[in-house]
Each structure stands twice: as C-alpha cells, then as structure tokens.
>>> print(open('data.cif').read())   # mmCIF, C-alpha atoms
data_work
loop_
_atom_site.group_PDB
_atom_site.id
_atom_site.type_symbol
_atom_site.label_atom_id
_atom_site.label_comp_id
_atom_site.auth_asym_id
_atom_site.auth_seq_id
_atom_site.Cartn_x
_atom_site.Cartn_y
_atom_site.Cartn_z
ATOM 1 C CA MET E 1 39.781 -58.566 -82.414
ATOM 2 C CA GLY E 2 42.367 -58.409 -85.111
ATOM 3 C CA GLU E 3 40.002 -56.604 -87.431
ATOM 4 C CA GLU E 4 39.392 -53.854 -84.916
ATOM 5 C CA GLN E 5 43.103 -53.167 -84.690
ATOM 6 C CA VAL E 6 43.372 -52.847 -88.457
ATOM 7 C CA GLN E 7 40.406 -50.492 -88.671
ATOM 8 C CA GLN E 8 41.668 -48.139 -85.969
ATOM 9 C CA PRO E 9 44.732 -46.944 -87.907
ATOM 10 C CA ALA E 10 42.531 -46.380 -90.947
ATOM 11 C CA ARG E 11 40.235 -44.135 -88.901
ATOM 12 C CA SER E 12 43.113 -42.119 -87.468
ATOM 13 C CA ALA E 13 44.541 -41.585 -90.957
ATOM 14 C CA ALA E 14 41.123 -40.392 -92.151
ATOM 15 C CA ALA E 15 40.901 -38.096 -89.122
ATOM 16 C CA GLN E 16 44.237 -36.477 -90.060
ATOM 17 C CA LYS E 17 43.122 -35.483 -93.562
ATOM 18 C CA PRO E 18 40.437 -33.019 -92.384
ATOM 19 C CA GLY E 19 43.037 -31.533 -90.039
ATOM 20 C CA LYS E 20 45.122 -30.499 -93.031
ATOM 21 C CA LYS E 21 42.075 -28.938 -94.679
ATOM 22 C CA SER E 22 41.181 -27.047 -91.473
ATOM 23 C CA PHE E 23 44.525 -25.222 -91.640
ATOM 24 C CA GLY E 24 43.411 -23.563 -94.865
ATOM 25 C CA VAL E 25 40.000 -22.738 -93.399
ATOM 26 C CA GLY E 26 41.593 -21.379 -90.199
ATOM 27 C CA PHE E 27 43.995 -19.223 -92.179
ATOM 28 C CA PHE E 28 41.101 -17.909 -94.259
ATOM 29 C CA LEU E 29 39.113 -17.057 -91.098
ATOM 30 C CA VAL E 30 42.075 -15.219 -89.570
ATOM 31 C CA LEU E 31 42.495 -13.282 -92.791
ATOM 32 C CA ILE E 32 38.784 -12.303 -92.814
ATOM 33 C CA ILE E 33 38.953 -11.177 -89.175
ATOM 34 C CA ALA E 34 42.112 -9.140 -89.805
ATOM 35 C CA LEU E 35 40.468 -7.489 -92.800
ATOM 36 C CA ALA E 36 37.370 -6.648 -90.714
ATOM 37 C CA VAL E 37 39.536 -5.093 -87.997
ATOM 38 C CA ALA E 38 41.480 -3.055 -90.554
ATOM 39 C CA LEU E 39 38.318 -1.796 -92.243
ATOM 40 C CA SER E 40 36.711 -0.851 -88.925
ATOM 41 C CA GLY E 41 39.915 1.008 -88.006
ATOM 42 C CA LEU E 42 39.619 2.998 -91.211
ATOM 43 C CA TYR E 43 35.922 3.670 -90.563
ATOM 44 C CA TYR E 44 36.614 4.943 -87.027
ATOM 45 C CA GLN E 45 39.806 6.769 -87.994
ATOM 46 C CA GLU E 46 38.569 10.196 -86.808
ATOM 47 C CA GLU E 47 37.463 8.868 -83.419
ATOM 48 C CA ILE E 48 40.781 7.066 -82.968
ATOM 49 C CA HIS E 49 42.643 10.266 -83.894
ATOM 50 C CA SER E 50 40.503 12.209 -81.398
ATOM 51 C CA MET E 51 41.277 9.692 -78.666
ATOM 52 C CA ILE E 52 44.998 10.098 -79.307
ATOM 53 C CA LEU E 53 44.661 13.900 -79.408
ATOM 54 C CA LEU E 54 42.414 14.294 -76.339
ATOM 55 C CA LYS E 55 43.759 11.407 -74.203
ATOM 56 C CA PRO E 56 40.439 10.725 -72.435
ATOM 57 C CA TRP E 57 42.215 8.476 -69.933
ATOM 58 C CA ASP E 58 44.075 11.548 -68.569
ATOM 59 C CA LYS E 59 41.586 13.916 -66.962
ATOM 60 C CA SER E 60 44.203 16.118 -65.285
ATOM 61 C CA GLY E 61 44.660 18.328 -68.369
ATOM 62 C CA PRO E 62 41.062 19.600 -68.622
ATOM 63 C CA ARG E 63 40.787 19.890 -64.829
ATOM 64 C CA GLY E 64 44.008 21.902 -64.767
ATOM 65 C CA ALA E 65 42.593 24.227 -67.435
ATOM 66 C CA VAL E 66 39.615 25.015 -65.188
ATOM 67 C CA ASP E 67 41.904 25.662 -62.212
ATOM 68 C CA THR E 68 44.140 27.933 -64.326
ATOM 69 C CA TRP E 69 41.049 29.775 -65.610
ATOM 70 C CA ALA E 70 39.729 30.256 -62.056
ATOM 71 C CA ALA E 71 43.114 31.551 -60.837
ATOM 72 C CA ALA E 72 43.253 34.025 -63.746
ATOM 73 C CA LEU E 73 39.745 35.274 -62.945
ATOM 74 C CA LYS E 74 40.604 35.657 -59.253
ATOM 75 C CA SER E 75 43.766 37.600 -60.102
ATOM 76 C CA ASN E 76 41.655 39.998 -62.201
ATOM 77 C CA ASP E 77 44.411 40.054 -64.844
ATOM 78 C CA PRO E 78 43.113 40.455 -68.441
ATOM 79 C CA ALA E 79 46.315 38.983 -69.940
ATOM 80 C CA ALA E 80 46.124 35.886 -67.707
ATOM 81 C CA ILE E 81 42.416 35.443 -68.517
ATOM 82 C CA GLN E 82 43.139 35.652 -72.238
ATOM 83 C CA ALA E 83 46.098 33.257 -71.904
ATOM 84 C CA ALA E 84 43.836 30.668 -70.193
ATOM 85 C CA SER E 85 41.360 30.866 -73.077
ATOM 86 C CA ALA E 86 41.557 28.972 -76.363
ATOM 87 C CA ARG E 87 40.039 31.855 -78.332
ATOM 88 C CA GLU E 88 39.885 35.625 -78.342
ATOM 89 C CA LEU E 89 37.610 37.004 -75.622
ATOM 90 C CA ASN E 90 35.991 40.386 -75.229
ATOM 91 C CA ILE E 91 37.290 41.597 -71.871
ATOM 92 C CA SER E 92 35.872 44.822 -70.445
ATOM 93 C CA VAL E 93 38.272 46.688 -68.183
ATOM 94 C CA GLU E 94 37.539 49.789 -66.107
ATOM 95 C CA GLY E 95 40.633 51.237 -64.510
ATOM 96 C CA ASP E 96 42.644 48.222 -63.374
ATOM 97 C CA GLU E 97 39.648 45.953 -62.860
ATOM 98 C CA VAL E 98 38.060 43.452 -65.218
ATOM 99 C CA THR E 99 34.325 44.155 -65.216
ATOM 100 C CA GLY E 100 33.062 41.730 -67.845
ATOM 101 C CA ILE E 101 34.056 38.834 -70.078
ATOM 102 C CA SER E 102 32.146 37.673 -73.137
ATOM 103 C CA GLN E 103 32.740 35.000 -75.741
ATOM 104 C CA GLY E 104 31.610 37.169 -78.632
ATOM 105 C CA ALA E 105 30.930 40.766 -79.553
ATOM 106 C CA MET E 106 27.153 40.355 -79.477
ATOM 107 C CA LEU E 107 26.962 38.424 -76.211
ATOM 108 C CA GLN E 108 26.314 40.041 -72.869
ATOM 109 C CA PRO E 109 29.472 40.091 -70.741
ATOM 110 C CA ASN E 110 29.629 38.054 -67.533
ATOM 111 C CA PRO E 111 31.227 39.530 -64.440
ATOM 112 C CA PRO E 112 34.414 37.565 -63.670
ATOM 113 C CA GLU E 113 33.191 36.511 -60.220
ATOM 114 C CA ALA E 114 30.176 34.784 -61.847
ATOM 115 C CA LEU E 115 32.526 32.548 -63.853
ATOM 116 C CA ILE E 116 34.603 31.332 -60.911
ATOM 117 C CA PRO E 117 33.762 27.789 -59.783
ATOM 118 C CA ALA E 118 32.918 27.150 -56.123
ATOM 119 C CA GLY E 119 35.932 24.884 -55.644
ATOM 120 C CA PRO E 120 38.868 23.194 -57.347
ATOM 121 C CA ALA E 121 38.293 20.913 -60.315
ATOM 122 C CA ALA E 122 40.136 17.960 -58.763
ATOM 123 C CA ASP E 123 37.067 15.729 -58.434
ATOM 124 C CA VAL E 124 34.886 17.052 -61.243
ATOM 125 C CA GLU E 125 33.652 14.562 -63.848
ATOM 126 C CA VAL E 126 35.194 15.083 -67.277
ATOM 127 C CA LYS E 127 33.225 14.037 -70.344
ATOM 128 C CA PHE E 128 35.063 13.834 -73.641
ATOM 129 C CA ASP E 129 33.400 14.438 -77.002
ATOM 130 C CA LEU E 130 35.499 12.620 -79.608
ATOM 131 C CA ARG E 131 33.568 13.692 -82.706
ATOM 132 C CA LYS E 132 35.625 15.351 -85.417
ATOM 133 C CA ASP E 133 33.650 18.603 -85.257
ATOM 134 C CA LYS E 134 33.896 18.850 -81.439
ATOM 135 C CA ARG E 135 37.011 17.223 -79.908
ATOM 136 C CA GLN E 136 36.615 18.753 -76.498
ATOM 137 C CA ALA E 137 36.220 17.996 -72.812
ATOM 138 C CA GLU E 138 33.181 19.104 -70.840
ATOM 139 C CA MET E 139 33.105 19.703 -67.089
ATOM 140 C CA MET E 140 30.122 20.788 -64.998
ATOM 141 C CA MET E 141 30.819 22.498 -61.684
ATOM 142 C CA PRO E 142 28.900 24.455 -59.086
ATOM 143 C CA ALA E 143 29.375 28.212 -59.300
ATOM 144 C CA ALA E 144 30.216 30.357 -56.299
ATOM 145 C CA ASP E 145 26.818 32.102 -56.584
ATOM 146 C CA GLY E 146 24.892 28.817 -56.341
ATOM 147 C CA GLY E 147 24.350 28.313 -60.053
ATOM 148 C CA ALA E 148 26.150 25.898 -62.314
ATOM 149 C CA LEU E 149 29.024 26.365 -64.738
ATOM 150 C CA ILE E 150 29.832 24.154 -67.687
ATOM 151 C CA TYR E 151 33.317 24.553 -69.080
ATOM 152 C CA TYR E 152 34.452 23.275 -72.466
ATOM 153 C CA ALA E 153 38.205 22.757 -72.831
ATOM 154 C CA VAL E 154 40.415 21.858 -75.796
ATOM 155 C CA PRO E 155 44.128 21.164 -76.171
ATOM 156 C CA VAL E 156 45.990 24.021 -77.835
ATOM 157 C CA GLU E 157 49.622 23.296 -78.718
ATOM 158 C CA GLY E 158 49.841 20.675 -75.979
ATOM 159 C CA THR E 159 48.157 22.770 -73.261
ATOM 160 C CA TRP E 160 44.511 22.523 -72.274
ATOM 161 C CA LYS E 161 42.613 25.822 -72.401
ATOM 162 C CA ILE E 162 39.040 26.923 -71.861
ATOM 163 C CA LEU E 163 37.199 27.137 -75.185
ATOM 164 C CA ALA E 164 33.791 28.237 -73.925
ATOM 165 C CA TRP E 165 31.491 28.191 -70.945
ATOM 166 C CA SER E 166 27.815 28.252 -70.177
ATOM 167 C CA ARG E 167 26.275 29.401 -66.981
ATOM 168 C CA SER E 168 22.972 28.822 -65.245
ATOM 169 C CA ARG E 169 21.696 31.125 -62.561
ATOM 170 C CA PRO E 170 20.858 29.887 -59.100
ATOM 171 C CA LYS E 171 17.223 29.036 -58.415
ATOM 172 C CA GLY E 172 15.203 32.090 -57.491
ATOM 173 C CA ALA E 173 17.783 34.556 -58.861
ATOM 174 C CA PRO E 174 16.329 37.590 -60.640
ATOM 175 C CA THR E 175 16.750 37.724 -64.409
ATOM 176 C CA ASP E 176 18.362 40.741 -66.028
#
>>> encode(input="data.cif", output="structure tokens")
Amino acid sequence: MGEEQVQQPARSAAAQKPGKKSFGVGFFLVLIIALAVALSGLYYQEEIHSMILLKPWDKSGPRGAVDTWAAALKSNDPAAIQAASARELNISVEGDEVTGISQGAMLQPNPPEALIPAGPAADVEVKFDLRKDKRQAEMMMPAADGGALIYYAVPVEGTWKILAWSRSRPKGAPTD
C-alpha cells in the first residue's frame, strides 16, 4: 500500500507537465483562429461594407421609398416623382399632367398609373443584394392593373430612393 501512495504523486506531477505544454498549443490555436477570422474579414470586406451601407436588418427604408414613389405618382407632380428617384428620369408632361415616365431616352415611357402598386409596401418582402456592383434592395409588389411591379431601391445621401423598376403585364392583357 505504501508504494501506491508514492507512485500517485509521481503520476500527478507527470500529468502537470503536459498541462504547461498545452498552454503553448492553446495559444497557438487561438492565434491561428484569430488570423483566419481576420483574413476572412478582409476577403469579405465589400460584403461587410454593403451590409453596413444597406442595413438589411432595417426594411423600413426601402419600403418607405416605394410608398414615397407611389405618393409622388398619385400626386402627378413631376418634381416629386424626380425627387423620389435615384437617377434622372424622362418624364413626359402634357399640360399639367404627367403622361409617361421612362428610365432612359430609348425606352418606351410607362403611364404613371401603371407604376403605382396596388397597396402600401408595409408587408412586402425586401431582398437585399450586397454585391459591390449592385448594393440595392428589391421589392416585388402587385400592380393596380393586375400585373406585377419590381422596384429596386438604393440609399442616396441617407435616404432610400427608387433606382429602377420592371413591370409585367397582367395575364391576358394585350401587348402594344
């Protein structure tokens, strides 16, 4: 029995030596993990910047841009329509009435009533594109004429504005 008592302290002393070595190994592993995190942060720098810029957790900005756009279209005010847009639009006006809006000189203008969503954007799904060349929010909504509208919004000087839109006609509608 006496021998067992002598051997036990020797084993516990031997067990403590690897513990001191594991500190160095643990420190080295933490250093490797920290380096991997830092390098991945540098690799995904653009996406991280886009997340900070677009704030995908806050969907009220893009939804508010659609509501502002719809109100400007309903008011039939060319200045309000242009102010709700992130880029220069071609707005056709006859008398005091806006008759068409196009995103470019060569594109066919859309009548303003065709670009008004069927309802408010409060519950619409917002999809964010965080790529460097896009950085925008996309929202698909039903149009008042039964078709569908897809709005693309971007932040401009802290305010969300409509960058572009695409429109599909309702089923069975005649083509121009």
>>> atom_distance(input="data.cif", atom1="CA of Thr68 (chain E)", atom2="CA of Lys134 (chain E)")
21.9 Å
>>> closest_residue(input="data.cif", among="E:Leu35, E:Val126, E:Met139, E:Ala144", to="Ser166 (chain E)", atoms="only C-alpha atoms")
E:Met139
>>> atom_distance(input="data.cif", atom1="CA of Val93 (chain E)", atom2="CA of Ala137 (chain E)")
29.1 Å
>>> atom_distance(input="data.cif", atom1="CA of Glu46 (chain E)", atom2="CA of Ile150 (chain E)")
25.2 Å
>>> residues_around(input="data.cif", residues="Trp69 (chain E)", least_positions_apart="4", cutoff="7 Å", atoms="only C-alpha atoms", output="PDB file with C-alpha atoms, in the frame of the given file")
ATOM      1  CA  ALA E  65      42.593  24.227 -67.435  1.00  0.00           C
ATOM      2  CA  LEU E  73      39.745  35.274 -62.945  1.00  0.00           C
ATOM      3  CA  ILE E  81      42.416  35.443 -68.517  1.00  0.00           C
ATOM      4  CA  ALA E  84      43.836  30.668 -70.193  1.00  0.00           C
TER       5      ALA E  84
END
>>> residues_near_point(input="data.cif", point="(28.0, 23.9, -64.7)", cutoff="10 Å", atoms="all atoms listed in the file", output="VMD selection string")
chain E and resid 115 117 138 to 143 147 to 151 165 to 169
>>> residues_near_point(input="data.cif", point="(42.6, 37.8, -73.7)", cutoff="12 Å", atoms="all atoms listed in the file", output="list in words")
Trp69, Ala72, Leu73, Asn76, Asp77, Pro78, Ala79, Ala80, Ile81, Gln82, Ala83, Ala84, Ser85, Ala86, Arg87, Glu88, Leu89, Asn90, Ile91, Ser92, Val93, Val98, Gly100, Ile101, Ser102, Gln103 and Ile162 of chain E
>>> resolve_selection(input="data.cif", expression="the PyMOL selection byres ((chain E and resi 128) around 8)", output="ChimeraX atom specification")
/E:54,56,126-127,129-130,135-138
